[in-house]
Amino acid sequence: MTGTNLSKPLDRGFFERPPDAVAFDLVGSWLVVHDGPRATRAFIVETEAYGGRNDPASHAFRGPTKRSEIMFGPAGFLYVYLIYGMHWCMNIVTEPSGTASAVLLRAAELYVPAPGGDGDEMVALRGPGNLTRGLGITGADNGLDCCGGEGRHLTIQRPSPGPNDLATGQSKRIGITHERDRPSRYFLVGHPAVSKLPADPDPNRNRKSPS
(Lines give C-alpha, C1' and ligand atoms only; values in the text may rest on other atoms or scores of the structure.)
Protein backbone atom coordinates (compact mmCIF):
# COMPACT_ATOMS: atom_id res chain seq x y z
CA MET A 1 0.00 0.00 0.00
CA THR A 2 2.82 2.43 0.75
CA GLY A 3 4.06 2.16 -2.83
CA THR A 4 0.78 3.37 -4.29
CA ASN A 5 1.11 6.06 -6.95
CA LEU A 6 -0.50 9.24 -5.66
CA SER A 7 -1.93 12.33 -7.32
CA LYS A 8 -0.87 15.88 -6.58
CA PRO A 9 -2.39 17.25 -3.35
CA LEU A 10 -6.06 18.09 -3.82
CA ASP A 11 -6.75 21.80 -4.15
CA ARG A 12 -9.38 23.91 -2.42
CA GLY A 13 -11.88 23.39 -5.21
CA PHE A 14 -12.15 19.72 -4.23
CA PHE A 15 -13.49 20.75 -0.82
CA GLU A 16 -15.79 23.51 -2.12
CA ARG A 17 -18.53 20.93 -2.71
CA PRO A 18 -21.39 19.47 -0.66
CA PRO A 19 -20.09 17.47 2.32
CA ASP A 20 -21.53 14.14 1.19
CA ALA A 21 -19.70 14.36 -2.14
CA VAL A 22 -16.44 15.20 -0.39
CA ALA A 23 -16.94 12.49 2.26
CA PHE A 24 -17.51 9.86 -0.42
CA ASP A 25 -14.44 10.86 -2.42
CA LEU A 26 -12.18 11.00 0.64
CA VAL A 27 -12.65 7.29 1.26
CA GLY A 28 -9.67 5.57 -0.31
CA SER A 29 -7.54 8.73 -0.30
CA TRP A 30 -4.34 9.44 1.61
CA LEU A 31 -4.06 12.02 4.38
CA VAL A 32 -0.54 13.39 4.82
CA VAL A 33 0.44 15.34 7.94
CA HIS A 34 3.47 17.52 7.14
CA ASP A 35 5.52 18.67 10.11
CA GLY A 36 8.80 20.14 8.88
CA PRO A 37 10.84 17.38 7.23
CA ARG A 38 8.56 14.69 8.64
CA ALA A 39 5.48 13.44 6.79
CA THR A 40 3.01 10.94 8.28
CA ARG A 41 0.65 9.22 5.84
CA ALA A 42 -2.65 7.51 6.62
CA PHE A 43 -5.10 5.78 4.28
CA ILE A 44 -8.65 7.09 4.91
CA VAL A 45 -11.22 4.30 5.20
CA GLU A 46 -14.22 5.96 6.93
CA THR A 47 -15.82 9.42 6.90
CA GLU A 48 -19.06 11.15 7.89
CA ALA A 49 -20.66 14.23 6.31
CA TYR A 50 -22.22 17.02 8.40
CA GLY A 51 -24.19 19.91 6.97
CA GLY A 52 -24.90 23.27 8.52
CA ARG A 53 -28.25 24.78 9.42
CA ASN A 54 -30.05 21.92 7.68
CA ASP A 55 -28.42 19.29 9.90
CA PRO A 56 -29.39 19.17 13.61
CA ALA A 57 -26.36 16.95 14.31
CA SER A 58 -23.96 19.62 13.05
CA HIS A 59 -22.12 22.09 15.28
CA ALA A 60 -23.17 24.78 12.78
CA PHE A 61 -26.90 24.07 13.11
CA ARG A 62 -27.59 27.08 15.35
CA GLY A 63 -25.30 29.44 13.49
CA PRO A 64 -21.71 30.55 14.13
CA THR A 65 -20.27 30.13 17.62
CA LYS A 66 -16.74 30.52 18.92
CA ARG A 67 -16.24 26.79 18.37
CA SER A 68 -17.99 26.38 15.00
CA GLU A 69 -17.13 29.66 13.26
CA ILE A 70 -14.41 27.95 11.23
CA MET A 71 -17.14 25.88 9.52
CA PHE A 72 -18.52 29.10 8.03
CA GLY A 73 -15.15 30.05 6.52
CA PRO A 74 -13.25 28.82 3.46
CA ALA A 75 -13.20 25.14 2.56
CA GLY A 76 -10.17 22.95 3.06
CA PHE A 77 -9.26 23.90 6.63
CA LEU A 78 -9.08 21.58 9.62
CA TYR A 79 -11.77 21.80 12.31
CA VAL A 80 -10.69 20.04 15.52
CA TYR A 81 -12.79 19.76 18.66
CA LEU A 82 -12.82 17.77 21.90
CA ILE A 83 -15.49 15.22 22.86
CA TYR A 84 -16.07 13.63 26.27
CA GLY A 85 -13.31 15.87 27.57
CA MET A 86 -10.64 13.51 26.24
CA HIS A 87 -10.90 12.68 22.51
CA TRP A 88 -10.02 15.02 19.66
CA CYS A 89 -12.03 14.79 16.43
CA MET A 90 -10.73 16.10 13.12
CA ASN A 91 -12.93 17.45 10.35
CA ILE A 92 -12.27 19.18 7.04
CA VAL A 93 -14.44 22.20 6.23
CA THR A 94 -16.40 21.93 2.97
CA GLU A 95 -18.42 24.23 0.67
CA PRO A 96 -17.66 27.93 -0.05
CA SER A 97 -17.38 30.55 2.69
CA GLY A 98 -20.70 31.33 4.35
CA THR A 99 -22.13 27.84 3.84
CA ALA A 100 -21.16 25.79 6.88
CA SER A 101 -20.44 22.08 6.55
CA ALA A 102 -17.62 19.64 7.22
CA VAL A 103 -16.50 16.03 6.88
CA LEU A 104 -15.48 14.07 9.97
CA LEU A 105 -12.57 11.67 9.43
CA ARG A 106 -13.55 8.58 11.39
CA ALA A 107 -10.93 5.93 10.61
CA ALA A 108 -7.75 5.25 8.69
CA GLU A 109 -4.86 2.82 8.43
CA LEU A 110 -1.44 4.10 9.42
CA TYR A 111 1.76 2.51 8.14
CA VAL A 112 4.74 2.40 10.48
CA PRO A 113 8.14 0.68 10.13
CA ALA A 114 7.98 -2.96 11.16
CA PRO A 115 10.30 -4.21 13.93
CA GLY A 116 13.67 -5.02 12.45
CA GLY A 117 13.15 -2.70 9.50
CA ASP A 118 11.50 -5.39 7.36
CA GLY A 119 8.95 -3.27 5.48
CA ASP A 120 5.97 -1.56 7.07
CA GLU A 121 3.11 -2.77 9.23
CA MET A 122 -0.42 -1.42 9.35
CA VAL A 123 -1.94 0.12 12.47
CA ALA A 124 -5.74 0.43 12.47
CA LEU A 125 -6.86 3.87 13.66
CA ARG A 126 -10.49 2.94 14.26
CA GLY A 127 -12.72 5.76 15.51
CA PRO A 128 -12.09 9.52 15.41
CA GLY A 129 -10.29 9.61 18.78
CA ASN A 130 -7.86 6.88 17.81
CA LEU A 131 -7.33 8.55 14.45
CA THR A 132 -6.24 11.88 15.92
CA ARG A 133 -4.15 10.17 18.58
CA GLY A 134 -2.32 8.08 16.00
CA LEU A 135 -1.59 11.11 13.83
CA GLY A 136 -0.73 13.45 16.70
CA ILE A 137 -3.62 15.82 15.94
CA THR A 138 -4.81 18.02 18.83
CA GLY A 139 -6.76 21.20 19.38
CA ALA A 140 -3.59 23.15 18.55
CA ASP A 141 -4.12 22.01 14.93
CA ASN A 142 -7.54 23.63 14.63
CA GLY A 143 -7.43 25.84 11.53
CA LEU A 144 -4.55 24.08 9.75
CA ASP A 145 -4.66 24.29 5.97
CA CYS A 146 -5.37 20.96 4.21
CA CYS A 147 -4.38 22.31 0.80
CA GLY A 148 -0.65 22.80 1.30
CA GLY A 149 1.46 25.59 2.67
CA GLU A 150 4.57 26.00 4.78
CA GLY A 151 5.22 24.74 8.26
CA ARG A 152 2.77 22.25 9.77
CA HIS A 153 -0.07 21.51 7.34
CA LEU A 154 -2.04 18.67 5.80
CA THR A 155 -2.63 17.48 2.27
CA ILE A 156 -4.98 14.93 0.73
CA GLN A 157 -3.86 12.80 -2.20
CA ARG A 158 -5.76 10.30 -4.28
CA PRO A 159 -4.31 6.96 -5.36
CA SER A 160 -4.55 5.59 -8.86
CA PRO A 161 -7.14 4.19 -9.46
CA GLY A 162 -9.26 6.77 -7.67
CA PRO A 163 -11.63 6.16 -4.73
CA ASN A 164 -14.66 5.76 -7.01
CA ASP A 165 -13.16 2.45 -8.18
CA LEU A 166 -13.13 1.09 -4.64
CA ALA A 167 -15.97 -0.69 -2.86
CA THR A 168 -17.38 2.20 -0.83
CA GLY A 169 -20.33 1.52 1.46
CA GLN A 170 -22.87 3.95 2.90
CA SER A 171 -24.84 3.90 6.15
CA LYS A 172 -26.31 6.05 8.90
CA ARG A 173 -23.92 8.03 11.07
CA ILE A 174 -22.58 6.76 14.40
CA GLY A 175 -22.71 8.10 17.96
CA ILE A 176 -25.15 10.98 17.51
CA THR A 177 -28.64 11.69 18.83
CA HIS A 178 -30.06 13.87 16.03
CA GLU A 179 -30.67 12.80 12.44
CA ARG A 180 -29.45 9.31 13.29
CA ASP A 181 -30.84 7.79 10.10
CA ARG A 182 -29.21 10.22 7.69
CA PRO A 183 -27.09 8.03 5.35
CA SER A 184 -24.00 10.21 5.48
CA ARG A 185 -21.36 7.73 6.65
CA TYR A 186 -19.02 6.33 3.99
CA PHE A 187 -16.53 3.52 4.43
CA LEU A 188 -14.31 1.05 2.64
CA VAL A 189 -16.29 -2.19 2.70
CA GLY A 190 -14.62 -4.97 4.68
CA HIS A 191 -11.60 -2.96 5.81
CA PRO A 192 -10.42 -3.94 9.32
CA ALA A 193 -10.05 -0.32 10.46
CA VAL A 194 -13.69 0.60 9.75
CA SER A 195 -15.90 1.13 12.82
CA LYS A 196 -18.57 -1.47 13.42
CA LEU A 197 -22.11 -0.15 13.11
CA PRO A 198 -23.73 -0.52 16.55
CA ALA A 199 -27.05 -2.26 16.89
CA ASP A 200 -29.94 0.14 17.44
CA PRO A 201 -32.06 -0.99 20.42
CA ASP A 202 -34.93 1.12 19.09
CA PRO A 203 -34.87 1.08 15.26
CA ASN A 204 -37.89 3.40 15.10
CA ARG A 205 -36.29 6.16 17.16
CA ASN A 206 -36.12 9.44 15.21
CA ARG A 207 -37.35 7.65 12.10
CA LYS A 208 -39.42 9.91 9.88
CA SER A 209 -42.89 8.80 8.87
CA PRO A 210 -43.38 8.13 5.16
CA SER A 211 -44.94 11.10 3.40
# chains A, B, ... in the order shown; residues from 1 in each chain; ligands from 1

call {"tool": "select_by_dssp", "arguments": {"residues": "segment 22-136 of chain A", "states": "strand (DSSP E or B)", "output": "PyMOL selection string"}}
result
chain A and resi 30-35+38-50+77-83+87-93+102-113+120-126

call {"tool": "write_last_selection", "arguments": {"atoms": "N, CA and C atoms", "output": "short mmCIF file (atom, residue, chain, number, x, y, z; two decimals), in the first residue's frame"}}
result
data_model
loop_
_atom_site.label_atom_id
_atom_site.label_comp_id
_atom_site.auth_asym_id
_atom_site.auth_seq_id
_atom_site.Cartn_x
_atom_site.Cartn_y
_atom_site.Cartn_z
N TRP A 30 -5.40 9.39 0.61
CA TRP A 30 -4.34 9.44 1.61
C TRP A 30 -4.31 10.81 2.28
N LEU A 31 -4.25 10.81 3.59
CA LEU A 31 -4.06 12.02 4.38
C LEU A 31 -2.59 12.08 4.78
N VAL A 32 -1.95 13.21 4.49
CA VAL A 32 -0.54 13.39 4.82
C VAL A 32 -0.40 14.56 5.78
N VAL A 33 0.17 14.30 6.95
CA VAL A 33 0.44 15.34 7.94
C VAL A 33 1.89 15.76 7.77
N HIS A 34 2.12 17.00 7.35
CA HIS A 34 3.47 17.52 7.14
C HIS A 34 3.88 18.32 8.37
N ASP A 35 5.00 17.97 8.93
CA ASP A 35 5.52 18.67 10.11
C ASP A 35 7.02 18.85 9.90
N ARG A 38 9.26 15.95 8.39
CA ARG A 38 8.56 14.69 8.64
C ARG A 38 7.19 14.70 8.00
N ALA A 39 6.81 13.58 7.38
CA ALA A 39 5.48 13.44 6.79
C ALA A 39 4.90 12.10 7.22
N THR A 40 3.71 12.14 7.83
CA THR A 40 3.01 10.94 8.28
C THR A 40 1.82 10.71 7.37
N ARG A 41 1.72 9.51 6.80
CA ARG A 41 0.65 9.22 5.84
C ARG A 41 -0.32 8.19 6.41
N ALA A 42 -1.61 8.44 6.18
CA ALA A 42 -2.65 7.51 6.62
C ALA A 42 -3.67 7.35 5.49
N PHE A 43 -4.14 6.13 5.32
CA PHE A 43 -5.10 5.78 4.28
C PHE A 43 -6.51 5.89 4.86
N ILE A 44 -7.32 6.81 4.34
CA ILE A 44 -8.65 7.09 4.91
C ILE A 44 -9.63 5.99 4.50
N VAL A 45 -10.29 5.39 5.50
CA VAL A 45 -11.22 4.30 5.20
C VAL A 45 -12.65 4.57 5.68
N GLU A 46 -12.87 5.68 6.41
CA GLU A 46 -14.22 5.96 6.93
C GLU A 46 -14.39 7.45 7.18
N THR A 47 -15.52 7.99 6.73
CA THR A 47 -15.82 9.42 6.90
C THR A 47 -17.30 9.59 7.22
N GLU A 48 -17.65 10.78 7.70
CA GLU A 48 -19.06 11.15 7.89
C GLU A 48 -19.24 12.60 7.45
N ALA A 49 -20.35 12.88 6.78
CA ALA A 49 -20.66 14.23 6.31
C ALA A 49 -21.62 14.92 7.28
N TYR A 50 -21.35 16.21 7.54
CA TYR A 50 -22.22 17.02 8.40
C TYR A 50 -22.51 18.34 7.70
N PHE A 77 -9.98 23.68 5.38
CA PHE A 77 -9.26 23.90 6.63
C PHE A 77 -9.71 22.89 7.67
N LEU A 78 -8.81 22.59 8.60
CA LEU A 78 -9.08 21.58 9.62
C LEU A 78 -9.90 22.17 10.76
N TYR A 79 -10.94 21.45 11.16
CA TYR A 79 -11.77 21.80 12.31
C TYR A 79 -11.59 20.70 13.34
N VAL A 80 -10.98 21.02 14.47
CA VAL A 80 -10.69 20.04 15.52
C VAL A 80 -11.41 20.43 16.79
N TYR A 81 -12.10 19.48 17.40
CA TYR A 81 -12.79 19.76 18.66
C TYR A 81 -12.68 18.55 19.59
N LEU A 82 -12.96 18.79 20.86
CA LEU A 82 -12.82 17.77 21.90
C LEU A 82 -14.19 17.20 22.25
N ILE A 83 -14.26 15.87 22.39
CA ILE A 83 -15.49 15.22 22.86
C ILE A 83 -15.19 14.43 24.13
N HIS A 87 -11.19 13.14 23.86
CA HIS A 87 -10.90 12.68 22.51
C HIS A 87 -11.01 13.83 21.51
N TRP A 88 -9.97 14.03 20.71
CA TRP A 88 -10.02 15.02 19.66
C TRP A 88 -10.64 14.42 18.40
N CYS A 89 -11.44 15.20 17.70
CA CYS A 89 -12.03 14.79 16.43
C CYS A 89 -11.57 15.77 15.36
N MET A 90 -11.19 15.24 14.20
CA MET A 90 -10.73 16.10 13.12
C MET A 90 -11.71 16.08 11.95
N ASN A 91 -12.00 17.27 11.46
CA ASN A 91 -12.93 17.45 10.35
C ASN A 91 -12.27 18.36 9.32
N ILE A 92 -12.72 18.26 8.08
CA ILE A 92 -12.27 19.18 7.04
C ILE A 92 -13.47 19.98 6.58
N VAL A 93 -13.35 21.31 6.62
CA VAL A 93 -14.44 22.20 6.23
C VAL A 93 -14.72 22.07 4.74
N ALA A 102 -18.94 20.25 7.02
CA ALA A 102 -17.62 19.64 7.22
C ALA A 102 -17.73 18.13 7.10
N VAL A 103 -16.58 17.49 6.94
CA VAL A 103 -16.50 16.03 6.88
C VAL A 103 -15.64 15.56 8.05
N LEU A 104 -16.20 14.68 8.86
CA LEU A 104 -15.48 14.07 9.97
C LEU A 104 -14.68 12.88 9.44
N LEU A 105 -13.39 12.83 9.76
CA LEU A 105 -12.57 11.67 9.43
C LEU A 105 -12.66 10.69 10.59
N ARG A 106 -13.25 9.52 10.31
CA ARG A 106 -13.55 8.58 11.39
C ARG A 106 -12.51 7.49 11.56
N ALA A 107 -11.87 7.04 10.49
CA ALA A 107 -10.93 5.93 10.61
C ALA A 107 -9.96 5.91 9.45
N ALA A 108 -8.78 5.34 9.71
CA ALA A 108 -7.75 5.25 8.69
C ALA A 108 -6.80 4.12 9.06
N GLU A 109 -5.94 3.74 8.12
CA GLU A 109 -4.86 2.82 8.43
C GLU A 109 -3.55 3.59 8.33
N LEU A 110 -2.72 3.42 9.34
CA LEU A 110 -1.44 4.10 9.42
C LEU A 110 -0.33 3.08 9.22
N TYR A 111 0.63 3.41 8.38
CA TYR A 111 1.76 2.51 8.14
C TYR A 111 2.98 2.99 8.91
N VAL A 112 3.56 2.10 9.69
CA VAL A 112 4.74 2.40 10.48
C VAL A 112 5.80 1.34 10.19
N PRO A 113 7.08 1.67 10.38
CA PRO A 113 8.14 0.68 10.13
C PRO A 113 7.97 -0.54 11.02
N ASP A 120 6.87 -2.31 6.21
CA ASP A 120 5.97 -1.56 7.07
C ASP A 120 4.87 -2.47 7.61
N GLU A 121 4.28 -2.06 8.71
CA GLU A 121 3.11 -2.77 9.23
C GLU A 121 1.98 -1.77 9.41
N MET A 122 0.75 -2.28 9.28
CA MET A 122 -0.42 -1.42 9.35
C MET A 122 -0.95 -1.34 10.77
N VAL A 123 -1.29 -0.12 11.19
CA VAL A 123 -1.94 0.12 12.47
C VAL A 123 -3.34 0.66 12.19
N ALA A 124 -4.37 0.00 12.70
CA ALA A 124 -5.74 0.43 12.47
C ALA A 124 -6.09 1.57 13.43
N LEU A 125 -6.41 2.72 12.87
CA LEU A 125 -6.86 3.87 13.66
C LEU A 125 -8.37 3.93 13.55
N ARG A 126 -9.04 3.11 14.34
CA ARG A 126 -10.49 2.94 14.26
C ARG A 126 -11.18 3.88 15.23
#

call {"tool": "residues_around", "arguments": {"residues": "segment 19-22 of chain A", "least_positions_apart": "2", "cutoff": "9 Å", "atoms": "only C-alpha atoms", "output": "list of chain:residue names"}}
result
A:Phe14, A:Phe15, A:Glu16, A:Arg17, A:Phe24, A:Asp25, A:Leu26, A:Val27, A:Glu48, A:Ala49, A:Tyr50, A:Gly51, A:Val93, A:Thr94, A:Glu95, A:Ser101, A:Ala102, A:Val103, A:Ser184, A:Arg185, A:Tyr186

call {"tool": "atom_distance", "arguments": {"atom1": "atom CA of Ala60 of chain A", "atom2": "atom CA of Gly98 of chain A"}}
result
11.0 Å

call {"tool": "closest_residue", "arguments": {"among": "A:Gly127, A:Ile156, A:Gly136, A:Pro18", "to": "Pro192 of chain A", "atoms": "only C-alpha atoms"}}
result
A:Gly127

call {"tool": "select_by_dssp", "arguments": {"residues": "segment 8-209 of chain A", "states": "alpha helix (DSSP H)", "output": "ChimeraX atom specification"}}
result
/A:12-15,19-26,128-135

call {"tool": "residues_around", "arguments": {"residues": "Glu150 of chain A", "least_positions_apart": "3", "cutoff": "12 Å", "atoms": "only C-alpha atoms", "output": "PyMOL selection string"}}
result
chain A and resi 33-37+144-147+153-155

call {"tool": "closest_residue", "arguments": {"among": "A:Leu6, A:His191, A:Lys196, A:Thr177", "to": "Ser58 of chain A", "atoms": "only C-alpha atoms"}}
result
A:Thr177

call {"tool": "residues_around", "arguments": {"residues": "Gly63 of chain A", "least_positions_apart": "2", "cutoff": "10 Å", "atoms": "only C-alpha atoms", "output": "PDB file with N, CA and C atoms, in the first residue's frame"}}
result
ATOM      1  N   GLY A  52     -24.884  22.103   7.666  1.00  0.00           N
ATOM      2  CA  GLY A  52     -24.897  23.274   8.523  1.00  0.00           C
ATOM      3  C   GLY A  52     -26.244  23.451   9.176  1.00  0.00           C
ATOM      4  N   ARG A  53     -26.970  24.484   8.781  1.00  0.00           N
ATOM      5  CA  ARG A  53     -28.251  24.785   9.417  1.00  0.00           C
ATOM      6  C   ARG A  53     -29.359  23.831   9.000  1.00  0.00           C
ATOM      7  N   SER A  58     -25.141  18.830  13.361  1.00  0.00           N
ATOM      8  CA  SER A  58     -23.960  19.620  13.048  1.00  0.00           C
ATOM      9  C   SER A  58     -23.724  20.699  14.104  1.00  0.00           C
ATOM     10  N   HIS A  59     -22.463  21.001  14.362  1.00  0.00           N
ATOM     11  CA  HIS A  59     -22.125  22.094  15.276  1.00  0.00           C
ATOM     12  C   HIS A  59     -22.531  23.447  14.715  1.00  0.00           C
ATOM     13  N   ALA A  60     -22.792  23.509  13.421  1.00  0.00           N
ATOM     14  CA  ALA A  60     -23.165  24.778  12.778  1.00  0.00           C
ATOM     15  C   ALA A  60     -24.676  24.967  12.704  1.00  0.00           C
ATOM     16  N   PHE A  61     -25.441  24.050  13.270  1.00  0.00           N
ATOM     17  CA  PHE A  61     -26.899  24.071  13.109  1.00  0.00           C
ATOM     18  C   PHE A  61     -27.520  25.355  13.636  1.00  0.00           C
ATOM     19  N   THR A  65     -20.663  29.974  16.212  1.00  0.00           N
ATOM     20  CA  THR A  65     -20.272  30.130  17.617  1.00  0.00           C
ATOM     21  C   THR A  65     -18.749  30.212  17.653  1.00  0.00           C
ATOM     22  N   SER A  68     -17.638  26.819  16.356  1.00  0.00           N
ATOM     23  CA  SER A  68     -17.992  26.384  15.004  1.00  0.00           C
ATOM     24  C   SER A  68     -17.740  27.415  13.916  1.00  0.00           C
ATOM     25  N   GLU A  69     -17.247  28.602  14.268  1.00  0.00           N
ATOM     26  CA  GLU A  69     -17.131  29.658  13.263  1.00  0.00           C
ATOM     27  C   GLU A  69     -16.245  29.255  12.090  1.00  0.00           C
ATOM     28  N   MET A  71     -16.327  26.581  10.512  1.00  0.00           N
ATOM     29  CA  MET A  71     -17.141  25.880   9.521  1.00  0.00           C
ATOM     30  C   MET A  71     -17.792  26.842   8.534  1.00  0.00           C
ATOM     31  N   PHE A  72     -17.895  28.102   8.892  1.00  0.00           N
ATOM     32  CA  PHE A  72     -18.516  29.096   8.028  1.00  0.00           C
ATOM     33  C   PHE A  72     -17.484  29.799   7.137  1.00  0.00           C
ATOM     34  N   ALA A 100     -21.879  26.631   5.913  1.00  0.00           N
ATOM     35  CA  ALA A 100     -21.161  25.788   6.879  1.00  0.00           C
ATOM     36  C   ALA A 100     -21.427  24.304   6.649  1.00  0.00           C
TER      37      ALA A 100
END
